[in-house]
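Note: the block below is start14.cif and it holds mmCIF, C-alpha atoms.
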data_input
#
loop_
_atom_site.label_atom_id
_atom_site.label_comp_id
_atom_site.auth_asym_id
_atom_site.auth_seq_id
_atom_site.Cartn_x
_atom_site.Cartn_y
_atom_site.Cartn_z
CA MET E 1 0.00 0.00 0.00
CA THR E 2 1.52 3.34 -0.99
CA PRO E 3 1.12 6.38 1.20
CA GLU E 4 -1.11 7.88 -1.51
CA THR E 5 -3.72 5.12 -1.38
CA ALA E 6 -3.51 5.07 2.41
CA ARG E 7 -4.19 8.77 2.69
CA PRO E 8 -7.86 9.16 1.69
CA PRO E 9 -9.36 7.15 4.57
CA ARG E 10 -7.03 8.86 7.03
CA ARG E 11 -7.98 12.28 5.68
CA ARG E 12 -11.65 11.38 5.78
CA LEU E 13 -11.34 10.38 9.42
CA SER E 14 -9.67 13.66 10.16
CA VAL E 15 -12.42 15.57 8.32
CA ASP E 16 -15.03 13.77 10.42
CA ARG E 17 -13.08 14.50 13.56
CA ARG E 18 -12.73 18.17 12.62
CA ARG E 19 -16.47 18.36 11.95
CA GLU E 20 -17.17 16.76 15.33
CA GLU E 21 -14.83 19.18 17.07
CA LEU E 22 -16.62 22.10 15.45
CA MET E 23 -20.02 20.70 16.42
CA ALA E 24 -18.85 20.08 19.98
CA ALA E 25 -17.63 23.69 20.21
CA ALA E 26 -20.92 24.85 18.71
CA LEU E 27 -22.95 22.80 21.21
CA GLU E 28 -21.02 24.33 24.11
CA LEU E 29 -21.98 27.78 22.84
CA PHE E 30 -25.55 26.95 21.81
CA GLY E 31 -26.01 25.25 25.20
CA ALA E 32 -24.95 28.40 27.04
CA ARG E 33 -26.62 31.11 24.95
CA ASP E 34 -29.48 31.71 22.55
CA ALA E 35 -28.69 30.71 18.98
CA GLU E 36 -29.09 34.33 17.92
CA ASP E 37 -26.30 35.36 20.32
CA VAL E 38 -23.79 32.88 18.88
CA THR E 39 -21.73 33.86 15.83
CA ILE E 40 -19.68 31.75 13.45
CA ASP E 41 -16.65 33.67 14.74
CA ASP E 42 -17.43 32.52 18.30
CA VAL E 43 -17.56 28.90 17.15
CA ALA E 44 -14.40 29.22 15.07
CA SER E 45 -12.47 30.80 17.90
CA ALA E 46 -13.76 28.25 20.47
CA ALA E 47 -12.63 25.42 18.19
CA GLY E 48 -9.34 27.07 17.27
CA ALA E 49 -10.42 27.04 13.62
CA SER E 50 -10.84 29.69 10.98
CA ARG E 51 -14.18 31.22 10.15
CA ALA E 52 -13.67 29.99 6.59
CA LEU E 53 -13.32 26.40 7.79
CA VAL E 54 -16.63 26.54 9.66
CA TYR E 55 -18.33 27.89 6.51
CA HIS E 56 -16.58 25.24 4.47
CA TYR E 57 -17.93 22.40 6.63
CA PHE E 58 -21.38 23.70 7.44
CA GLY E 59 -22.28 26.44 4.99
CA GLY E 60 -23.63 28.81 7.63
CA LYS E 61 -24.75 29.29 11.21
CA GLN E 62 -28.23 27.85 10.78
CA GLU E 63 -26.82 24.69 9.17
CA LEU E 64 -24.21 24.38 11.93
CA TYR E 65 -26.91 24.84 14.59
CA VAL E 66 -29.12 22.20 13.00
CA ALA E 67 -26.18 19.77 12.62
CA ALA E 68 -25.10 20.29 16.23
CA LEU E 69 -28.63 19.80 17.61
CA ARG E 70 -29.11 16.76 15.40
CA SER E 71 -25.91 15.29 16.76
CA ALA E 72 -26.97 15.90 20.38
CA ALA E 73 -30.41 14.41 19.69
CA GLY E 74 -28.78 11.38 18.05
CA GLN E 75 -26.52 10.84 21.07
CA LEU E 76 -29.43 11.04 23.50
CA GLU E 77 -31.52 8.65 21.46
CA ALA E 78 -28.68 6.19 21.06
CA ARG E 79 -28.41 6.26 24.84
CA LEU E 80 -32.10 5.57 25.32
CA ARG E 81 -32.07 2.79 22.73
CA GLU E 82 -29.55 0.78 24.77
CA ALA E 83 -32.30 -1.62 25.60
CA ARG E 84 -30.64 -3.63 28.34
CA PRO E 85 -31.86 -2.44 31.75
CA ARG E 86 -29.02 -1.73 34.17
CA ALA E 87 -30.46 -2.79 37.51
CA HIS E 88 -33.53 -4.71 36.52
CA ASP E 89 -33.81 -7.12 39.43
CA GLY E 90 -37.45 -8.02 39.11
CA ALA E 91 -38.50 -4.43 39.83
CA GLY E 92 -41.10 -4.58 37.04
CA LEU E 93 -42.31 -1.53 35.14
CA LEU E 94 -40.77 0.95 37.54
CA GLY E 95 -37.49 -0.92 37.11
CA ASP E 96 -37.66 -0.20 33.38
CA LEU E 97 -38.44 3.43 34.11
CA ALA E 98 -35.55 3.68 36.58
CA SER E 99 -33.19 2.09 34.08
CA GLY E 100 -34.30 4.47 31.30
CA LEU E 101 -33.85 7.38 33.66
CA GLY E 102 -30.34 6.19 34.46
CA ARG E 103 -29.48 6.25 30.74
CA TYR E 104 -31.05 9.69 30.39
CA PHE E 105 -28.91 11.06 33.22
CA ASP E 106 -25.82 9.39 31.73
CA PHE E 107 -26.44 11.65 28.74
CA VAL E 108 -27.11 14.70 30.94
CA GLU E 109 -23.84 14.10 32.78
CA GLU E 110 -21.66 13.28 29.78
CA HIS E 111 -23.17 15.71 27.27
CA ALA E 112 -24.18 18.65 29.43
CA ALA E 113 -23.85 21.18 26.60
CA GLY E 114 -25.87 19.09 24.15
CA PHE E 115 -28.57 18.59 26.76
CA ALA E 116 -28.80 22.32 27.48
CA ALA E 117 -28.86 23.13 23.75
CA LEU E 118 -31.74 20.70 23.19
CA LEU E 119 -33.70 22.10 26.13
CA ARG E 120 -33.40 25.60 24.75
CA GLY E 121 -35.90 24.20 22.30
CA GLY E 122 -38.45 24.63 25.06
CA PRO E 123 -41.73 22.88 25.69
CA ALA E 124 -43.73 24.73 23.00
CA ASN E 125 -44.31 23.00 19.69
CA ARG E 126 -42.00 24.36 17.05
CA THR E 127 -41.84 24.49 13.32
CA GLY E 128 -38.89 24.26 10.98
CA GLU E 129 -35.89 21.97 11.15
CA VAL E 130 -34.95 22.89 14.71
CA GLY E 131 -38.52 22.29 15.82
CA GLU E 132 -38.52 18.87 14.17
CA ILE E 133 -35.38 17.84 16.00
CA VAL E 134 -36.43 19.12 19.42
CA ASP E 135 -40.03 17.94 19.18
CA GLY E 136 -38.84 14.66 17.70
CA VAL E 137 -36.70 13.96 20.77
CA ARG E 138 -39.54 14.85 23.12
CA GLN E 139 -42.06 12.72 21.22
CA ARG E 140 -39.75 9.72 21.19
CA LEU E 141 -39.18 10.24 24.90
CA PHE E 142 -42.94 10.33 25.44
CA ARG E 143 -43.41 7.10 23.48
CA LEU E 144 -40.59 5.44 25.39
CA VAL E 145 -42.15 6.37 28.75
CA GLN E 146 -45.52 5.25 27.41
CA ARG E 147 -44.01 1.87 26.50
CA GLN E 148 -42.18 1.54 29.80
CA MET E 149 -45.39 2.26 31.67
CA ARG E 150 -47.41 -0.06 29.33
CA VAL E 151 -49.82 2.75 28.41
CA GLU E 152 -51.19 2.07 24.94
CA GLU E 153 -53.67 4.85 24.27
CA PRO E 154 -53.30 7.46 26.98
CA THR E 155 -56.46 9.17 28.20
CA PRO E 156 -56.20 12.98 28.39
CA VAL E 157 -55.37 12.79 32.10
CA LEU E 158 -52.66 10.17 31.55
CA ARG E 159 -51.23 12.08 28.60
CA ALA E 160 -50.99 15.27 30.66
CA THR E 161 -49.49 13.29 33.55
CA LEU E 162 -46.76 11.64 31.46
CA ARG E 163 -45.93 14.99 29.84
CA SER E 164 -45.73 16.62 33.26
CA TRP E 165 -43.38 13.93 34.45
CA ILE E 166 -41.11 14.33 31.41
CA ALA E 167 -41.03 18.10 32.01
CA SER E 168 -40.13 17.37 35.60
CA VAL E 169 -37.27 15.08 34.50
CA GLU E 170 -35.93 17.70 32.07
CA THR E 171 -36.06 20.40 34.71
CA ALA E 172 -34.40 18.13 37.26
CA GLY E 173 -31.61 17.47 34.73
CA LEU E 174 -30.98 21.19 34.26
CA ASP E 175 -31.22 21.89 37.98
CA TRP E 176 -28.71 19.12 38.65
CA LEU E 177 -26.24 20.48 36.07
CA GLU E 178 -26.56 23.97 37.55
CA HIS E 179 -26.18 23.03 41.21
CA ARG E 180 -24.93 19.44 41.59
CA ASP E 181 -25.97 19.57 45.23
CA ILE E 182 -28.19 16.48 45.12
CA GLU E 183 -26.74 13.00 44.60
CA ARG E 184 -27.59 11.84 41.11
CA ALA E 185 -28.84 8.52 42.50
CA THR E 186 -31.13 10.34 44.95
CA LEU E 187 -32.51 12.53 42.19
CA GLU E 188 -33.18 9.53 39.94
CA ARG E 189 -34.95 7.75 42.81
CA MET E 190 -37.02 10.84 43.53
CA LEU E 191 -38.09 11.06 39.88
CA VAL E 192 -39.30 7.46 39.84
CA GLU E 193 -41.18 8.13 43.07
CA GLN E 194 -42.63 11.26 41.45
CA MET E 195 -44.04 9.15 38.63
CA VAL E 196 -45.84 6.97 41.16
CA ALA E 197 -47.04 10.06 43.05
CA LEU E 198 -48.29 11.73 39.87
CA LEU E 199 -50.08 8.53 38.85
CA GLY E 200 -51.69 8.59 42.29
CA VAL E 201 -53.06 12.07 41.55
CA ALA E 202 -54.18 11.04 38.07
CA ALA E 203 -55.94 7.99 39.53
CA ARG E 204 -58.30 10.29 41.45
CA HIS E 205 -59.52 11.72 38.15
CA ASP E 206 -59.22 8.88 35.65
CA PRO E 207 -60.07 5.14 35.77
CA ASP E 208 -57.25 4.20 33.35
CA ALA E 209 -54.72 5.83 35.65
CA ARG E 210 -56.28 3.94 38.56
CA ARG E 211 -55.79 0.61 36.77
CA LEU E 212 -52.23 1.51 35.85
CA LEU E 213 -51.41 2.41 39.42
CA GLU E 214 -52.81 -0.90 40.64
CA GLN E 215 -50.59 -2.78 38.16
CA HIS E 216 -47.56 -0.80 39.28
CA GLY E 217 -48.31 -0.99 42.96
CA MET D 218 -60.43 73.65 22.74
CA THR D 219 -59.51 73.68 19.05
CA PRO D 220 -59.25 70.44 17.10
CA GLU D 221 -55.49 71.11 16.83
CA THR D 222 -54.89 71.04 20.60
CA ALA D 223 -57.25 68.11 20.99
CA ARG D 224 -55.47 66.06 18.39
CA PRO D 225 -52.17 65.07 20.03
CA PRO D 226 -53.60 62.92 22.86
CA ARG D 227 -56.04 61.27 20.46
CA ARG D 228 -53.23 60.54 18.00
CA ARG D 229 -51.05 59.19 20.80
CA LEU D 230 -53.82 56.80 21.85
CA SER D 231 -54.09 55.60 18.31
CA VAL D 232 -50.33 55.14 18.08
CA ASP D 233 -50.39 53.06 21.26
CA ARG D 234 -53.26 51.02 19.93
CA ARG D 235 -51.46 50.46 16.62
CA ARG D 236 -48.35 49.37 18.49
CA GLU D 237 -50.42 46.97 20.56
CA GLU D 238 -52.07 45.55 17.45
CA LEU D 239 -48.67 44.96 15.90
CA MET D 240 -47.38 43.30 19.07
CA ALA D 241 -50.49 41.13 19.30
CA ALA D 242 -49.98 40.00 15.69
CA ALA D 243 -46.32 39.38 16.44
CA LEU D 244 -47.14 37.31 19.54
CA GLU D 245 -49.52 35.15 17.51
CA LEU D 246 -46.68 34.42 15.09
CA PHE D 247 -43.90 34.08 17.69
CA GLY D 248 -46.20 31.82 19.70
CA ALA D 249 -46.69 29.50 16.73
CA ARG D 250 -43.17 29.43 15.24
CA ASP D 251 -39.53 29.94 16.11
CA ALA D 252 -38.49 33.59 16.08
CA GLU D 253 -36.11 32.82 13.23
CA ASP D 254 -39.02 31.60 11.08
CA VAL D 255 -41.03 34.84 11.51
CA THR D 256 -40.35 37.79 9.22
CA ILE D 257 -41.33 41.45 9.51
CA ASP D 258 -43.43 40.89 6.37
CA ASP D 259 -45.36 38.12 8.15
CA VAL D 260 -46.13 40.44 11.05
CA ALA D 261 -47.07 43.34 8.78
CA SER D 262 -49.38 41.19 6.72
CA ALA D 263 -51.00 39.57 9.80
CA ALA D 264 -51.68 43.03 11.24
CA GLY D 265 -52.81 44.52 7.92
CA ALA D 266 -49.99 47.04 8.15
CA SER D 267 -47.09 47.97 5.93
CA ARG D 268 -43.59 46.64 6.47
CA ALA D 269 -42.46 50.26 6.80
CA LEU D 270 -44.88 50.86 9.65
CA VAL D 271 -43.53 47.90 11.62
CA TYR D 272 -39.97 49.21 11.13
CA HIS D 273 -41.17 52.67 12.08
CA TYR D 274 -42.61 51.49 15.40
CA PHE D 275 -40.07 48.87 16.39
CA GLY D 276 -36.89 49.40 14.38
CA GLY D 277 -36.43 45.74 13.51
CA LYS D 278 -37.47 42.15 14.15
CA GLN D 279 -35.37 41.60 17.25
CA GLU D 280 -36.78 44.78 18.87
CA LEU D 281 -40.31 43.73 17.94
CA TYR D 282 -39.72 40.25 19.37
CA VAL D 283 -38.35 41.67 22.60
CA ALA D 284 -41.22 44.20 22.89
CA ALA D 285 -43.83 41.49 22.25
CA LEU D 286 -42.31 39.09 24.79
CA ARG D 287 -41.98 41.89 27.33
CA SER D 288 -45.64 42.72 26.86
CA ALA D 289 -46.69 39.07 27.35
CA ALA D 290 -44.48 38.81 30.44
CA GLY D 291 -45.97 42.03 31.82
CA GLN D 292 -49.50 40.74 31.29
CA LEU D 293 -48.73 37.45 33.05
CA GLU D 294 -47.07 39.19 35.97
CA ALA D 295 -49.89 41.71 36.33
CA ARG D 296 -52.19 38.71 36.53
CA LEU D 297 -50.12 37.05 39.23
CA ARG D 298 -49.80 40.29 41.21
CA GLU D 299 -53.59 40.51 41.66
CA ALA D 300 -53.06 39.63 45.26
CA ARG D 301 -56.60 38.94 46.34
CA PRO D 302 -57.22 35.16 46.40
CA ARG D 303 -60.32 34.13 44.48
CA ALA D 304 -61.67 31.26 46.50
CA HIS D 305 -59.74 31.52 49.72
CA ASP D 306 -62.22 30.01 52.15
CA GLY D 307 -59.82 29.05 54.90
CA ALA D 308 -58.04 26.59 52.63
CA GLY D 309 -54.65 27.80 53.91
CA LEU D 310 -51.45 27.62 51.90
CA LEU D 311 -52.89 25.32 49.28
CA GLY D 312 -55.75 27.80 48.88
CA ASP D 313 -53.21 30.48 47.97
CA LEU D 314 -51.55 28.11 45.54
CA ALA D 315 -54.89 27.20 43.97
CA SER D 316 -55.81 30.85 43.63
CA GLY D 317 -52.44 31.71 42.02
CA LEU D 318 -52.91 28.80 39.66
CA GLY D 319 -56.35 30.10 38.72
CA ARG D 320 -54.83 33.46 37.77
CA TYR D 321 -52.07 31.71 35.83
CA PHE D 322 -54.61 29.74 33.80
CA ASP D 323 -56.67 32.91 33.23
CA PHE D 324 -53.58 34.19 31.43
CA VAL D 325 -53.08 30.89 29.56
CA GLU D 326 -56.70 31.00 28.39
CA GLU D 327 -56.89 34.70 27.48
CA HIS D 328 -53.36 35.13 26.08
CA ALA D 329 -52.64 31.77 24.51
CA ALA D 330 -50.22 33.19 21.94
CA GLY D 331 -48.29 35.19 24.54
CA PHE D 332 -48.05 32.14 26.76
CA ALA D 333 -46.73 29.95 23.92
CA ALA D 334 -44.24 32.66 22.90
CA LEU D 335 -42.89 32.88 26.44
CA LEU D 336 -42.57 29.10 26.74
CA ARG D 337 -40.54 28.95 23.55
CA GLY D 338 -37.89 30.32 25.87
CA GLY D 339 -37.57 26.81 27.21
CA PRO D 340 -36.34 25.63 30.59
CA ALA D 341 -32.64 26.36 29.93
CA ASN D 342 -31.14 29.55 31.31
CA ARG D 343 -30.66 32.12 28.61
CA THR D 344 -28.58 35.18 28.02
CA GLY D 345 -29.39 38.43 26.26
CA GLU D 346 -32.59 40.46 26.43
CA VAL D 347 -34.88 37.58 25.54
CA GLY D 348 -33.24 35.43 28.20
CA GLU D 349 -33.72 38.16 30.80
CA ILE D 350 -37.43 38.36 30.04
CA VAL D 351 -38.08 34.62 29.96
CA ASP D 352 -35.88 33.78 32.93
CA GLY D 353 -37.26 36.79 34.78
CA VAL D 354 -40.80 35.46 34.48
CA ARG D 355 -39.75 32.01 35.61
CA GLN D 356 -37.76 33.36 38.57
CA ARG D 357 -40.63 35.54 39.73
CA LEU D 358 -42.93 32.56 39.38
CA PHE D 359 -40.54 30.51 41.49
CA ARG D 360 -40.43 33.20 44.18
CA LEU D 361 -44.21 33.48 44.14
CA VAL D 362 -44.64 29.73 44.64
CA GLN D 363 -41.95 29.86 47.32
CA ARG D 364 -43.91 32.59 49.13
CA GLN D 365 -47.21 30.81 48.72
CA MET D 366 -45.70 27.65 50.16
CA ARG D 367 -43.90 29.65 52.92
CA VAL D 368 -40.52 28.24 51.91
CA GLU D 369 -37.86 30.79 52.87
CA GLU D 370 -34.56 29.18 51.93
CA PRO D 371 -35.27 26.09 49.88
CA THR D 372 -33.01 23.07 50.43
CA PRO D 373 -31.72 21.50 47.19
CA VAL D 374 -34.48 18.90 47.29
CA LEU D 375 -37.19 21.54 47.83
CA ARG D 376 -35.74 23.77 45.13
CA ALA D 377 -35.74 20.91 42.62
CA THR D 378 -39.26 19.97 43.69
CA LEU D 379 -40.72 23.47 43.26
CA ARG D 380 -38.98 23.80 39.89
CA SER D 381 -40.40 20.43 38.82
CA TRP D 382 -43.86 21.53 39.80
CA ILE D 383 -43.56 24.79 37.86
CA ALA D 384 -42.40 22.82 34.81
CA SER D 385 -45.39 20.56 35.28
CA VAL D 386 -47.74 23.58 35.40
CA GLU D 387 -46.21 25.06 32.24
CA THR D 388 -46.50 21.77 30.41
CA ALA D 389 -50.07 21.31 31.59
CA GLY D 390 -50.89 24.80 30.27
CA LEU D 391 -49.50 23.96 26.84
CA ASP D 392 -51.15 20.54 26.78
CA TRP D 393 -54.47 22.16 27.69
CA LEU D 394 -54.18 24.74 24.91
CA GLU D 395 -53.35 22.01 22.40
CA HIS D 396 -56.09 19.57 23.36
CA ARG D 397 -58.70 21.23 25.61
CA ASP D 398 -59.96 17.77 26.48
CA ILE D 399 -59.62 18.17 30.26
CA GLU D 400 -61.82 20.59 32.23
CA ARG D 401 -59.71 23.55 33.27
CA ALA D 402 -60.99 23.22 36.84
CA THR D 403 -60.00 19.52 36.93
CA LEU D 404 -56.54 20.33 35.62
CA GLU D 405 -56.04 23.07 38.20
CA ARG D 406 -57.16 20.73 40.97
CA MET D 407 -54.80 18.03 39.71
CA LEU D 408 -51.89 20.48 39.73
CA VAL D 409 -52.52 21.45 43.37
CA GLU D 410 -52.72 17.75 44.24
CA GLN D 411 -49.47 17.22 42.31
CA MET D 412 -47.75 19.77 44.54
CA VAL D 413 -48.82 17.83 47.61
CA ALA D 414 -47.76 14.56 46.00
CA LEU D 415 -44.36 15.96 44.97
CA LEU D 416 -43.83 17.32 48.49
CA GLY D 417 -44.63 13.82 49.74
CA VAL D 418 -41.80 12.46 47.59
CA ALA D 419 -39.45 15.25 48.70
CA ALA D 420 -40.30 14.54 52.34
CA ARG D 421 -38.77 11.07 52.02
CA HIS D 422 -35.44 12.67 51.17
CA ASP D 423 -35.40 15.98 53.05
CA PRO D 424 -36.40 17.03 56.61
CA ASP D 425 -37.46 20.55 55.51
CA ALA D 426 -39.87 19.08 52.97
CA ARG D 427 -41.19 16.82 55.73
CA ARG D 428 -41.91 19.81 57.99
CA LEU D 429 -43.56 21.69 55.12
CA LEU D 430 -45.80 18.75 54.31
CA GLU D 431 -46.87 18.50 57.97
CA GLN D 432 -47.83 22.19 57.95
CA HIS D 433 -49.80 21.75 54.73
CA GLY D 434 -51.42 18.53 55.70
#

Once you've parsed the file, please lay out its structure as structure tokens.
Amino acid sequence: MTPETARPPRRRLSVDRRREELMAAALELFGARDAEDVTIDDVASAAGASRALVYHYFGGKQELYVAALRSAAGQLEARLREARPRAHDGAGLLGDLASGLGRYFDFVEEHAAGFAALLRGGPANRTGEVGEIVDGVRQRLFRLVQRQMRVEEPTPVLRATLRSWIASVETAGLDWLEHRDIERATLERMLVEQMVALLGVAARHDPDARRLLEQHG
Amino acid sequence: MTPETARPPRRRLSVDRRREELMAAALELFGARDAEDVTIDDVASAAGASRALVYHYFGGKQELYVAALRSAAGQLEARLREARPRAHDGAGLLGDLASGLGRYFDFVEEHAAGFAALLRGGPANRTGEVGEIVDGVRQRLFRLVQRQMRVEEPTPVLRATLRSWIASVETAGLDWLEHRDIERATLERMLVEQMVALLGVAARHDPDARRLLEQHG
């Protein structure tokens, strides 16, 4: 093998790595500020790259923002897809939920900037490419929780309850990153207990929630 | 009084009203889409005004966005400041919470677009003018709930719990606007019950939460 034929794959790897470095720098910035307050120059200087290189790889700020969010969303979803429960010692449905929550917080801990950038998306429905990514993550999260809780067609009360719980998990993730003054394990346990508590409230208003709570109790 | 001296106040009123119409049209759009997907032309055409008029009143899209968000935030806060509880028949702290929640949902119902536009801010901390407005609303909401629950210096567990509850309320507001398939009164009652349930969870992990729950029970 001559150096010339060896070079393309090596260069491609380095291109990918450079792209990833730029996206990681972008996520740090987009996680800390509004997209409109981040410039291509900020990203270039954070990554130790030239402005021209960022344009070369991504075309523009919007494209870079979309690529960076997409990468964060992909990482979170890969995490949640790891189907094998971590500590599933006969704990049933809540064991699945606890194990999913553990994977979610692995992402929060290891990809703090990507998590913050995704949450800037906010709870409101959005349009456009950014909206598709952010809403897509939240919808897949909803369906995952639905599956873990064995809820097939949620009643309005159950739908609102599961959404509330997901909002609570997201907020707990941000609060934890900001303060780190609660043990992660304690926080995860509290969130599972919150699901049970919220189902208890829902059960007072909805027969389906009552049945679900009986299964889980 | 000649028509000439009478004119200035009348014209000023009409200017204010025009500004408000433009901001209302802007809120409708900013509530339905990302700020980056809304153009000055969209706002002008929704308000039946010229593009030049929008520039004349606001200077540019960012200024219009900030003015519109500030107006929605002001309306919500005015609502929450109406100190007199609505149905405060000796129900104690939870009565205050229920009454605050009623005022919050009055805003959700009457200013749906403004509410959605504010929630686009998302749960992540933000910088810049938009961040100040959105975070400002959320911080004042936190302090209000803190006061209503008589929590002076929240422990980490109580802080995370109150934040979770606020996230749950915001999500419930959005879910209600999207679906309207739960009675507003039922939803408000559920949210008060959720606070008690979440405090119950917090009490297992934190002595201050335990004391608070005893007071409220």

Hey, which of E:Gly102, E:Gly74, E:Pro207, E:Gly200 ends up closest to E:Arg184? Count only C-alpha atoms. E:Gly102

Answer key for the PyMOL selection byres ((chain D) within 8 of (chain E)), residues as a count of residues only: 41

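The coordinates place atom CA of E:Ile133 at 17.1 Å from atom CA of E:Tyr104.
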
What is the atom CA of E:Glu77 to atom CA of E:Ala209 distance in Å? 27.3 Å

Please work out which residues fall within 7 Å of (-32.1, 8.9, 34.9), coordinates as given in the file, with only C-alpha atoms counting, and return them as a PyMOL selection string. chain E and resi 98-105+188

Which residues, written as a PyMOL selection string, have at least one atom at most 8 Å from E:Gly114, with all atoms listed in the file counted and residues fewer than 4 positions away on the same chain left out? chain E and resi 27-28+31+69+72-73+118

Restrict the selected residues to C-alpha atoms and save them as a CSV table (one decimal), in the coordinates of the input.
chain,number,residue,atom,x,y,z
E,27,LEU,CA,-23.0,22.8,21.2
E,28,GLU,CA,-21.0,24.3,24.1
E,31,GLY,CA,-26.0,25.2,25.2
E,69,LEU,CA,-28.6,19.8,17.6
E,72,ALA,CA,-27.0,15.9,20.4
E,73,ALA,CA,-30.4,14.4,19.7
E,118,LEU,CA,-31.7,20.7,23.2

What are the centre and the three edge lengths of an axis-aligned box that wraps all atoms of stretch 19-25 of chain E in the file, given that 8 Å is added to every side, written as lines of an AutoDock Vina configuration file and rounded to one decimal in Å?
center_x = -17.4
center_y = 20.2
center_z = 16.1
size_x = 21.2
size_y = 22.9
size_z = 24.3

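Separating atom CA of E:Met23 from atom CA of E:Ala68 is a distance of 5.1 Å.
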
Any idea what's packed within 9 Å of E:Glu21, counting all atoms listed in the file, ignoring anything in its chain fewer than 5 positions away? Could you give it as a list of chain:residue names?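 Here the answer would be E:Asp16, E:Ala26, E:Ala47.
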
Might you spell out which residues the PyMOL selection byres ((chain D and resi 357) around 12) would select in the displayed file, as a list in words? Ala290, Gly291, Leu293, Glu294, Ala295, Leu297, Arg298, Glu349, Ile350, Val351, Asp352, Gly353, Val354, Arg355, Gln356, Leu358, Phe359, Arg360, Leu361, Val362, Gln363, Arg364, Arg380 and Ile383 of chain D

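You can rank D:Val325, D:Leu311, D:Val271, D:Ala242 by their closest distance to D:Met366 using all atoms listed in the file, and at the top of that list sits D:Leu311.
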